[in-house]
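**Student:** I am sharing run-v2.cif, which consists of mmCIF, C-alpha atoms and all ligand atoms:
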```
data_protein
#
loop_
_atom_site.label_atom_id
_atom_site.label_comp_id
_atom_site.auth_asym_id
_atom_site.auth_seq_id
_atom_site.Cartn_x
_atom_site.Cartn_y
_atom_site.Cartn_z
CA MET A 1 109.89 89.94 154.94
CA GLU A 2 110.34 91.69 151.57
CA THR A 3 111.88 95.16 151.62
CA ALA A 4 109.49 98.11 151.88
CA ARG A 5 108.29 99.32 148.51
CA SER A 6 106.51 102.34 147.14
CA LEU A 7 103.98 100.97 144.69
CA LEU A 8 101.92 102.82 142.10
CA ILE A 9 98.82 100.88 141.08
CA THR A 10 96.91 102.44 138.19
CA GLY A 11 93.21 101.77 137.63
CA GLY A 12 92.81 100.64 141.24
CA ALA A 13 89.20 101.83 141.43
CA GLY A 14 88.11 99.49 138.63
CA PHE A 15 87.10 95.85 138.80
CA ILE A 16 90.43 93.98 138.77
CA GLY A 17 92.39 96.96 140.10
CA SER A 18 90.28 97.12 143.27
CA HIS A 19 91.00 93.45 143.99
CA VAL A 20 94.72 93.99 143.33
CA VAL A 21 94.80 97.06 145.62
CA ARG A 22 92.93 95.18 148.38
CA HIS A 23 95.26 92.18 148.03
CA PHE A 24 98.46 94.29 148.24
CA VAL A 25 97.20 96.64 150.99
CA ARG A 26 96.29 93.68 153.22
CA ARG A 27 99.20 91.41 152.44
CA TYR A 28 101.99 94.02 152.43
CA PRO A 29 101.35 96.43 155.32
CA HIS A 30 104.96 97.68 155.05
CA TYR A 31 104.44 98.84 151.44
CA SER A 32 103.19 102.29 150.56
CA ILE A 33 100.45 101.84 147.94
CA LEU A 34 99.28 104.70 145.77
CA ASN A 35 96.18 104.18 143.64
CA LEU A 36 96.07 106.49 140.61
CA ASP A 37 92.71 106.43 138.85
CA LYS A 38 90.81 108.88 136.65
CA LEU A 39 87.46 107.60 137.95
CA THR A 40 85.82 107.15 134.58
CA TYR A 41 82.36 105.53 134.46
CA ALA A 42 84.18 102.25 135.36
CA GLY A 43 86.10 103.55 138.37
CA ASN A 44 84.29 103.54 141.69
CA LEU A 45 85.85 104.30 145.08
CA ALA A 46 83.06 102.29 146.73
CA ASN A 47 84.97 99.23 145.44
CA LEU A 48 87.67 100.06 147.99
CA GLU A 49 85.68 101.19 151.03
CA ASP A 50 87.10 98.39 153.20
CA VAL A 51 90.74 99.43 152.67
CA ALA A 52 90.40 103.18 152.04
CA GLY A 53 91.40 104.03 155.65
CA ALA A 54 94.44 101.74 155.75
CA PRO A 55 97.67 103.60 156.72
CA ASN A 56 99.58 102.10 153.75
CA TYR A 57 97.01 103.24 151.15
CA SER A 58 96.48 106.56 149.38
CA PHE A 59 94.49 107.70 146.35
CA VAL A 60 95.09 110.33 143.68
CA ARG A 61 92.50 111.13 141.07
CA GLY A 62 94.37 111.63 137.80
CA ASP A 63 94.83 110.63 134.19
CA ILE A 64 97.64 108.29 133.10
CA CYS A 65 97.99 110.48 129.98
CA ASP A 66 99.11 113.41 132.19
CA LEU A 67 102.90 113.03 131.96
CA GLU A 68 103.61 115.99 134.25
CA LEU A 69 101.43 114.48 136.98
CA LEU A 70 103.18 111.12 136.54
CA ARG A 71 106.63 112.71 136.74
CA ARG A 72 105.62 114.48 139.95
CA LEU A 73 104.18 111.33 141.53
CA PHE A 74 107.28 109.27 140.68
CA GLN A 75 109.49 111.90 142.25
CA GLU A 76 107.44 112.81 145.33
CA ARG A 77 106.47 109.24 146.20
CA ARG A 78 109.78 107.66 145.16
CA ILE A 79 107.85 105.02 143.23
CA ASP A 80 109.87 101.82 142.77
CA GLY A 81 107.16 99.52 141.47
CA VAL A 82 104.24 99.96 139.08
CA ILE A 83 101.29 97.65 138.53
CA HIS A 84 99.50 99.11 135.54
CA LEU A 85 95.83 98.22 135.13
CA ALA A 86 94.20 101.53 134.11
CA ALA A 87 92.51 101.10 130.75
CA GLU A 88 89.34 101.32 128.79
CA SER A 89 88.30 97.68 129.05
CA HIS A 90 84.99 96.99 127.29
CA VAL A 91 85.06 95.61 123.73
CA ASP A 92 81.56 96.87 122.79
CA ARG A 93 82.48 100.42 123.82
CA SER A 94 85.66 100.20 121.71
CA ILE A 95 83.56 99.35 118.67
CA ARG A 96 81.45 102.49 119.25
CA ASP A 97 84.32 104.85 120.20
CA PRO A 98 87.83 103.58 119.40
CA PHE A 99 89.60 106.90 120.00
CA VAL A 100 89.34 106.92 123.78
CA PHE A 101 90.84 103.41 123.74
CA ALA A 102 93.86 104.59 121.74
CA ARG A 103 94.28 107.59 124.04
CA THR A 104 94.15 105.79 127.39
CA ASN A 105 95.44 102.34 126.50
CA VAL A 106 98.22 103.39 124.11
CA LEU A 107 99.19 106.97 124.99
CA GLY A 108 98.46 106.47 128.69
CA THR A 109 100.67 103.38 128.85
CA LEU A 110 103.39 105.18 126.87
CA SER A 111 103.28 108.12 129.31
CA LEU A 112 103.61 105.78 132.27
CA LEU A 113 106.55 103.94 130.66
CA GLN A 114 108.26 107.25 129.95
CA ALA A 115 107.75 108.52 133.51
CA ALA A 116 109.19 105.25 134.90
CA ARG A 117 112.12 105.36 132.49
CA GLU A 118 112.99 108.94 133.46
CA ALA A 119 112.59 108.31 137.19
CA TRP A 120 114.60 105.08 137.20
CA ALA A 121 117.32 105.98 134.66
CA GLY A 122 120.65 104.51 135.80
CA ALA A 123 119.04 103.00 138.93
CA GLU A 124 116.89 100.22 137.45
CA GLU A 125 118.04 97.63 140.02
CA GLY A 126 115.11 96.62 142.25
CA LYS A 127 112.56 98.51 140.15
CA ARG A 128 109.66 96.81 138.35
CA PHE A 129 106.96 97.86 135.85
CA HIS A 130 104.20 95.21 135.64
CA HIS A 131 101.91 95.73 132.65
CA VAL A 132 98.56 93.96 132.96
CA SER A 133 97.24 92.94 129.56
CA THR A 134 94.75 90.59 127.98
CA ASP A 135 94.60 87.34 126.00
CA GLU A 136 92.53 89.22 123.36
CA VAL A 137 95.79 90.46 121.79
CA PHE A 138 96.25 86.94 120.34
CA GLY A 139 93.04 87.06 118.30
CA ALA A 140 90.68 84.09 118.08
CA LEU A 141 91.14 80.32 118.25
CA HIS A 142 89.18 77.70 116.36
CA PRO A 143 87.80 74.72 118.28
CA GLY A 144 90.54 72.10 118.65
CA GLU A 145 93.41 74.58 118.23
CA ALA A 146 96.01 74.65 121.04
CA PRO A 147 95.39 77.34 123.69
CA PHE A 148 97.33 80.63 123.68
CA CYS A 149 100.76 80.58 125.32
CA GLU A 150 103.62 83.05 125.69
CA SER A 151 104.88 82.48 122.12
CA THR A 152 101.50 82.88 120.38
CA PRO A 153 101.76 85.62 117.71
CA TYR A 154 99.72 88.79 118.14
CA ALA A 155 96.58 89.08 115.97
CA PRO A 156 94.15 91.53 117.59
CA HIS A 157 90.73 92.10 115.99
CA SER A 158 88.77 94.66 118.01
CA PRO A 159 89.77 98.29 118.61
CA TYR A 160 90.11 97.30 122.30
CA SER A 161 92.50 94.42 121.62
CA ALA A 162 94.40 96.48 119.02
CA SER A 163 94.95 99.18 121.64
CA LYS A 164 96.08 96.63 124.25
CA ALA A 165 98.40 94.94 121.71
CA SER A 166 99.91 98.32 120.91
CA SER A 167 100.48 99.00 124.61
CA ASP A 168 102.16 95.58 124.98
CA HIS A 169 104.49 96.41 122.08
CA PHE A 170 105.48 99.70 123.75
CA VAL A 171 106.22 97.80 126.97
CA ARG A 172 108.46 95.37 125.05
CA ALA A 173 110.06 98.29 123.21
CA TYR A 174 110.91 100.08 126.48
CA ARG A 175 112.43 96.84 127.78
CA ASP A 176 114.49 96.21 124.64
CA THR A 177 115.44 99.81 123.85
CA TYR A 178 115.93 101.44 127.25
CA GLY A 179 116.37 98.41 129.52
CA LEU A 180 113.26 99.24 131.56
CA PRO A 181 112.68 96.40 134.04
CA VAL A 182 109.25 95.17 132.94
CA VAL A 183 107.07 92.10 133.29
CA LEU A 184 104.04 91.58 131.07
CA THR A 185 100.99 89.39 131.68
CA ASN A 186 98.13 88.43 129.36
CA CYS A 187 95.12 87.14 131.26
CA SER A 188 91.86 85.52 130.21
CA ASN A 189 88.32 86.65 131.15
CA ASN A 190 87.91 87.55 134.83
CA TYR A 191 84.73 87.33 136.90
CA GLY A 192 83.89 88.11 140.53
CA PRO A 193 82.55 90.88 142.80
CA TYR A 194 82.68 94.57 141.77
CA GLN A 195 82.62 93.91 138.01
CA PHE A 196 80.80 96.68 136.16
CA PRO A 197 77.45 95.34 134.93
CA GLU A 198 78.17 95.94 131.24
CA LYS A 199 80.16 92.66 131.16
CA LEU A 200 78.38 89.35 130.44
CA ILE A 201 78.36 87.77 133.92
CA PRO A 202 77.20 90.68 136.13
CA LEU A 203 74.82 91.86 133.40
CA CYS A 204 73.11 88.46 133.35
CA ILE A 205 73.04 88.08 137.15
CA LEU A 206 71.27 91.42 137.51
CA ASN A 207 68.93 90.83 134.56
CA ILE A 208 67.88 87.43 135.91
CA CYS A 209 67.05 89.10 139.25
CA ARG A 210 65.02 91.83 137.53
CA GLU A 211 63.45 89.39 135.04
CA GLN A 212 64.94 91.32 132.11
CA PRO A 213 66.14 89.76 128.81
CA LEU A 214 69.55 88.06 128.80
CA PRO A 215 71.13 89.23 125.52
CA ILE A 216 73.17 86.47 123.89
CA TYR A 217 75.26 87.65 120.94
CA GLY A 218 74.95 85.45 117.84
CA ARG A 219 74.28 81.81 118.71
CA GLY A 220 75.97 81.88 122.13
CA GLU A 221 78.67 79.52 120.90
CA ASN A 222 81.63 81.82 121.49
CA ILE A 223 83.98 80.44 124.10
CA ARG A 224 85.77 82.25 126.90
CA ASP A 225 88.25 80.92 129.51
CA TRP A 226 86.99 82.22 132.88
CA LEU A 227 89.20 82.97 135.89
CA HIS A 228 88.18 84.29 139.31
CA VAL A 229 89.55 87.80 139.81
CA GLU A 230 91.23 86.84 143.12
CA ASP A 231 93.17 84.12 141.31
CA HIS A 232 94.33 86.82 138.88
CA ALA A 233 95.37 89.09 141.79
CA GLN A 234 97.41 86.22 143.29
CA ALA A 235 99.10 85.59 139.92
CA ILE A 236 100.01 89.29 139.69
CA ASP A 237 101.49 89.12 143.21
CA ASP A 238 103.55 86.03 142.31
CA ILE A 239 104.81 87.49 139.04
CA PHE A 240 105.43 91.01 140.38
CA HIS A 241 107.60 89.62 143.20
CA ARG A 242 109.24 86.54 141.73
CA ALA A 243 109.40 86.59 137.91
CA PRO A 244 112.73 87.44 136.28
CA ASP A 245 112.98 90.86 134.59
CA GLY A 246 111.58 91.00 131.08
CA GLU A 247 109.41 87.87 131.43
CA VAL A 248 106.00 87.38 129.90
CA TYR A 249 103.30 85.12 131.37
CA VAL A 250 99.86 84.16 130.18
CA ILE A 251 97.31 83.62 132.96
CA GLY A 252 94.13 81.55 132.76
CA GLY A 253 92.16 78.81 134.40
CA LEU A 254 91.90 76.15 131.65
CA ASN A 255 88.20 76.75 132.12
CA GLU A 256 86.56 77.12 128.70
CA TRP A 257 82.82 77.71 128.51
CA ARG A 258 80.44 78.55 125.68
CA ASN A 259 78.57 81.77 126.51
CA ILE A 260 75.19 80.04 126.36
CA ASP A 261 76.36 77.47 128.93
CA VAL A 262 77.63 80.21 131.27
CA VAL A 263 74.26 81.94 131.04
CA ARG A 264 72.37 78.68 131.69
CA LEU A 265 74.55 78.04 134.74
CA LEU A 266 73.84 81.58 135.99
CA VAL A 267 70.12 80.99 135.49
CA ARG A 268 70.34 77.85 137.64
CA LEU A 269 72.40 79.53 140.38
CA VAL A 270 70.32 82.72 140.59
CA ASP A 271 67.01 80.80 140.48
CA GLU A 272 68.28 78.59 143.34
CA GLU A 273 69.40 81.59 145.40
CA LEU A 274 66.05 83.35 144.88
CA GLY A 275 64.02 80.21 145.57
CA ARG A 276 62.48 80.25 142.10
CA ALA A 277 61.44 77.07 140.28
CA PRO A 278 64.59 75.48 138.75
CA GLY A 279 65.31 76.91 135.29
CA SER A 280 62.30 79.25 135.37
CA SER A 281 64.47 82.17 134.15
CA GLU A 282 65.59 80.28 131.00
CA ARG A 283 62.72 82.08 129.24
CA LEU A 284 64.72 85.33 129.57
CA ILE A 285 67.45 84.08 127.20
CA THR A 286 67.26 86.27 124.09
CA TYR A 287 69.45 85.84 121.02
CA VAL A 288 70.51 89.23 119.60
CA SER A 289 72.72 90.47 116.74
CA ASP A 290 76.30 89.34 117.01
CA ARG A 291 79.12 91.64 118.15
CA ALA A 292 81.04 92.95 115.11
CA GLY A 293 84.27 90.96 114.66
CA HIS A 294 83.30 88.71 117.59
CA ASP A 295 86.27 86.44 118.46
CA LEU A 296 85.11 82.81 118.47
CA ARG A 297 87.27 81.34 121.21
CA TYR A 298 89.90 82.30 123.78
CA ALA A 299 91.81 79.75 125.87
CA ILE A 300 95.03 79.98 127.89
CA ASP A 301 97.70 77.42 128.70
CA ALA A 302 99.26 78.75 131.92
CA ALA A 303 101.79 75.88 132.20
CA LYS A 304 104.77 78.26 132.38
CA LEU A 305 103.27 80.14 135.34
CA ARG A 306 102.48 76.88 137.14
CA ARG A 307 105.92 75.48 136.44
CA ASP A 308 108.02 78.58 137.22
CA LEU A 309 106.10 80.06 140.14
CA GLY A 310 103.77 77.31 141.38
CA TRP A 311 100.62 79.37 140.74
CA LYS A 312 97.30 77.63 140.26
CA PRO A 313 93.71 78.87 140.52
CA ARG A 314 92.01 78.34 143.90
CA TYR A 315 88.42 78.75 142.70
CA SER A 316 86.42 76.16 140.83
CA PHE A 317 84.13 77.90 138.33
CA GLU A 318 80.83 76.85 139.85
CA ALA A 319 81.88 77.72 143.43
CA GLY A 320 83.36 81.05 142.30
CA LEU A 321 80.27 81.89 140.30
CA ARG A 322 77.96 81.00 143.20
CA ASP A 323 79.98 83.33 145.50
CA THR A 324 79.75 86.03 142.83
CA VAL A 325 75.98 85.62 142.49
CA ARG A 326 75.63 85.84 146.29
CA TRP A 327 77.80 88.97 146.36
CA TYR A 328 75.61 90.78 143.80
CA LEU A 329 72.44 89.72 145.65
CA ALA A 330 73.91 90.93 148.96
CA HIS A 331 74.99 94.35 147.61
CA PRO A 332 71.93 96.00 146.09
CA GLU A 333 73.20 99.45 147.20
CA TRP A 334 76.42 99.01 145.15
CA VAL A 335 74.38 97.97 142.13
CA GLU A 336 71.92 100.83 142.64
CA GLN A 337 74.70 103.38 143.01
CA ILE A 338 76.57 102.23 139.91
CA THR A 339 73.53 101.89 137.67
CA SER A 340 71.61 104.99 138.80
CA GLY A 341 72.37 108.66 138.38
CA ALA A 342 73.44 108.80 142.06
CA TYR A 343 76.98 107.85 141.15
CA ALA A 344 77.33 110.58 138.50
CA ARG A 345 75.78 113.14 140.88
CA TYR A 346 78.21 112.12 143.64
CA TYR A 347 81.18 112.82 141.38
CA GLU A 348 79.69 116.10 140.25
CA SER A 349 79.34 117.21 143.88
CA MET A 350 82.91 116.05 144.67
CA TYR A 351 84.76 117.22 141.59
CA GLY A 352 82.48 119.59 139.64
CA PRO A 353 80.43 119.29 136.43
CA ALA A 354 83.43 119.13 134.05
CA ALA A 355 84.88 116.14 135.92
CA ALA A 356 81.46 114.49 136.04
CA ALA A 357 81.10 114.93 132.27
CA ALA A 358 84.58 113.48 131.66
CA ASN A 359 83.66 110.61 133.96
CA LYS A 360 80.78 109.48 131.72
P1 LIG B 1 87.69 98.38 134.45
O1 LIG B 1 87.09 99.02 133.24
O2 LIG B 1 86.80 97.76 135.46
O3 LIG B 1 88.59 99.46 135.23
C1 LIG B 1 89.47 100.31 134.57
C2 LIG B 1 89.92 101.38 135.56
O4 LIG B 1 90.85 102.25 134.88
C3 LIG B 1 88.79 102.25 136.09
O5 LIG B 1 88.90 102.42 137.49
C4 LIG B 1 88.98 103.57 135.36
O6 LIG B 1 88.50 104.69 136.10
C5 LIG B 1 90.50 103.60 135.18
N1 LIG B 1 90.91 104.45 134.05
C6 LIG B 1 90.42 104.44 132.78
N2 LIG B 1 91.03 105.37 132.04
C7 LIG B 1 91.96 105.97 132.85
C8 LIG B 1 92.93 106.98 132.63
N3 LIG B 1 93.06 107.61 131.44
N4 LIG B 1 93.73 107.33 133.67
C9 LIG B 1 93.60 106.73 134.89
N5 LIG B 1 92.69 105.78 135.14
C10 LIG B 1 91.88 105.38 134.12
O7 LIG B 1 88.74 97.34 133.89
P2 LIG B 1 89.13 95.88 134.42
O8 LIG B 1 88.19 94.90 133.83
O9 LIG B 1 89.32 95.93 135.88
O10 LIG B 1 90.54 95.68 133.68
C11 LIG B 1 91.73 96.18 134.30
C12 LIG B 1 92.91 95.87 133.39
O11 LIG B 1 93.01 94.45 133.20
C13 LIG B 1 92.80 96.46 131.99
O12 LIG B 1 94.09 96.88 131.60
C14 LIG B 1 92.32 95.31 131.13
O13 LIG B 1 92.76 95.47 129.81
C15 LIG B 1 93.00 94.13 131.81
N6 LIG B 1 92.31 92.84 131.68
C16 LIG B 1 90.98 92.72 132.00
C17 LIG B 1 90.37 91.46 131.94
C18 LIG B 1 88.91 91.28 132.30
O14 LIG B 1 88.40 90.17 132.13
N7 LIG B 1 88.22 92.27 132.81
C19 LIG B 1 91.11 90.33 131.55
C20 LIG B 1 92.48 90.51 131.22
C21 LIG B 1 93.07 91.76 131.31
O1 LIG B 2 89.65 87.93 127.51
C1 LIG B 2 89.92 88.99 128.37
C2 LIG B 2 88.92 90.11 128.13
O2 LIG B 2 87.68 89.69 128.67
C3 LIG B 2 89.36 91.44 128.75
O3 LIG B 2 90.54 91.87 128.15
C4 LIG B 2 88.27 92.50 128.59
O4 LIG B 2 88.65 93.69 129.27
C5 LIG B 2 86.99 91.97 129.21
O5 LIG B 2 85.94 92.89 129.00
C6 LIG B 2 86.61 90.61 128.60
O6 LIG B 2 86.22 90.76 127.20
P1 LIG B 2 84.96 89.97 126.56
O7 LIG B 2 84.50 90.74 125.39
O8 LIG B 2 85.28 88.54 126.39
O9 LIG B 2 83.91 90.10 127.81
P2 LIG B 2 82.36 90.40 127.84
O10 LIG B 2 81.89 90.14 129.23
O11 LIG B 2 82.01 91.70 127.21
O12 LIG B 2 81.77 89.24 126.90
C7 LIG B 2 81.98 87.88 127.20
C8 LIG B 2 81.35 87.07 126.07
O13 LIG B 2 79.92 87.23 126.14
C9 LIG B 2 81.75 87.54 124.68
O14 LIG B 2 81.83 86.42 123.81
C10 LIG B 2 80.59 88.45 124.24
C11 LIG B 2 79.40 87.81 124.93
N1 LIG B 2 78.33 88.74 125.34
C12 LIG B 2 78.67 89.85 126.04
C13 LIG B 2 77.71 90.73 126.46
C14 LIG B 2 78.07 91.99 127.22
C15 LIG B 2 77.02 88.45 125.06
O15 LIG B 2 76.70 87.39 124.42
N2 LIG B 2 76.05 89.31 125.46
C16 LIG B 2 76.34 90.46 126.14
O16 LIG B 2 75.41 91.24 126.48
#
```
What is this structure when it is put down as structure tokens?
Ligand code: NAD
Ligand code: DAU
**Tutor:**
Amino acid sequence: METARSLLITGGAGFIGSHVVRHFVRRYPHYSILNLDKLTYAGNLANLEDVAGAPNYSFVRGDICDLELLRRLFQERRIDGVIHLAAESHVDRSIRDPFVFARTNVLGTLSLLQAAREAWAGAEEGKRFHHVSTDEVFGALHPGEAPFCESTPYAPHSPYSASKASSDHFVRAYRDTYGLPVVLTNCSNNYGPYQFPEKLIPLCILNICREQPLPIYGRGENIRDWLHVEDHAQAIDDIFHRAPDGEVYVIGGLNEWRNIDVVRLLVRLVDEELGRAPGSSERLITYVSDRAGHDLRYAIDAAKLRRDLGWKPRYSFEAGLRDTVRWYLAHPEWVEQITSGAYARYYESMYGPAAAAANK
């Protein structure tokens, strides 16, 4: 059995964070797991209802930019491990409002690094700061080009990826300058339950159900490398526990799909689940203006992670997507809560109008 740890997981009420929290709470009952999340529009405690009462889990609502709060939490909870997922995560939002991305993703990460550095100064042995980042920092690939790997140069294009790249550079800087024990991972596109329905896959599942248009940016030929979120959580577990200090890993499923093909597959799966005539929802496919600066292709070569730590994805794409479709169909109350005003009103009643406004 590993030694007991006091883990801080940031962004644990979001999509990937909630899977990571669930994974660690269940698998490591002897750990103390603190979820720090601001509960923005993307954070939802309903994502964690099944583990919220676990004795090894606790939650604090707070902002990763609040250095005083971070200092207090590190001291009071004797934090010895951080898994940092809190971020603004949606590219389209970053195009509309880049500043909040710089604040949370850059300054928030810097605050967390600083709090860890201060708390662990002179006692770095056994400590670990795991920064969860994205493959978007590497920019875009052309068809035929080799997939991204750990030595691919950074070339971010969107305000989102620029902010994540900046946060990665601060993580490397804290490793190289102050000796902070970090690991850094860059993962490809995740899918699965609890993903906020602004992202392509849940948006299309719900729109197919409601017979609403399926907006395809440009010609639908952009390529993403899709990985089930539970496979990402397992990779984080493997790397957090077993990677050497300072290592970087890219994570992905070698599972490249054109957007239009993903949407056609979703049409087939949802139509089957709803007993509709095969392909009847294809008529909902609607080509719309392209995303500004839309990266053509992402792909990951996770050979280092397979070789060093034996990780490989468990989910095939079609099986994982079918499970995901079934999850969204089986949880209309989650969808209703997150897409209606009920969610905003709940937070207003819990935390007051100012918090509810900040949460939007
Ligand atoms: P998400 O948007 O679903 O969740 C983000 C969470 O962070 C939310 O719970 C939100 O409330 C919280 N948060 C935002 N700002 C905060 C702040 N200032 N202080 C504290 N909490 C704050 O995001 P996600 O898709 O789950 O992504 C999680 C992480 O993984 C991000 O760092 C993202 O860059 C990275 N990532 C995501 C993907 C993907 O496909 N979704 C792929 C690779 C890497
Ligand atoms: O690659 C990892 C990244 O994947 C993460 O770092 C990001 O946090 C995450 O949001 C995701 O970014 P993408 O921009 O790739 O995901 P999104 O679901 O927004 O879009 C997937 C593809 O689908 C992309 O090429 C844009 C396209 N798209 C998206 C939406 C929302 C559409 O064609 N129509 C849409 O309505």
**Student:** Would you name the residues within 7 Å of ligand LIG 1 (chain B), counting all atoms listed in the file, and put them as JSON, numbers by chain?
**Tutor:** {"A": [10, 11, 12, 13, 14, 15, 16, 17, 36, 37, 38, 39, 40, 41, 42, 43, 44, 62, 63, 64, 65, 85, 86, 87, 88, 89, 90, 104, 108, 132, 133, 134, 135, 164, 186, 187, 188, 189, 190, 191, 195, 196]}
**Student:** Would you mind reading off the distance between atom CA of A:His131 and atom CA of A:Leu203, one decimal, in Å?
**Tutor:**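 We find that atom CA of A:His131 and atom CA of A:Leu203 lie 27.4 Å from each other.
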**Student:** Pick from A:Glu198, A:Glu118, A:Asp231, A:Glu211: nearest to A:Arg276, with all atoms listed in the file counted?
**Tutor:**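 Selected residue with least distance to A:Arg276: A:Glu211.
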**Student:** List the residues sitting within 9 Å of (81.8, 81.0, 122.5) in the file's frame, using all atoms listed in the file, as a list of chain:residue names.
**Tutor:** A:Arg219, A:Gly220, A:Glu221, A:Asn222, A:Ile223, A:Arg224, A:Glu256, A:Trp257, A:Arg258, A:Asn259, A:Ile260, A:Asp295, A:Leu296, A:Arg297, A:Tyr298
**Student:** May I ask which of the residues A:Glu150, A:Glu145, A:Asp80, A:Asp176 is the closest one to A:Ala123, counting all atoms listed in the file?
**Tutor:**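 When distances to A:Ala123 are compared using all atoms listed in the file, the smallest one comes from A:Asp80.
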**Student:** Got a sec: who's within 7 Å of A:Gly218, counting all atoms listed in the file, leaving out chain neighbours fewer than 6 positions off, as a list in words?
**Tutor:**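 Contacts, in chain order: Tyr287, Val288, Ser289 and Asp290 of chain A.
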**Student:** Name the closest residue to ligand LIG 2 (chain B) among the candidates A:Val100, A:Leu200, A:Val25, A:Val183; distances are taken between atoms, counting only C-alpha atoms and all ligand atoms.
**Tutor:**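 For ligand LIG 2 (chain B), the nearest of the given residues is A:Leu200.
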**Student:** Take atom CA of A:Val263 and atom CA of A:Leu305 and report the distance between them in Å, one decimal.
**Tutor:**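 About the pair atom CA of A:Val263 and atom CA of A:Leu305: they are 29.4 Å apart.
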**Student:** Report, as AutoDock Vina command-line options, the centre and edge lengths in Å (one decimal) of the axis-aligned box enclosing every listed atom of ligand LIG 2 (chain B), padded by 6 Å on each side.
**Tutor:**
```
--center_x 83.0 --center_y 90.1 --center_z 126.5 --size_x 27.1 --size_y 19.3 --size_z 17.5
```
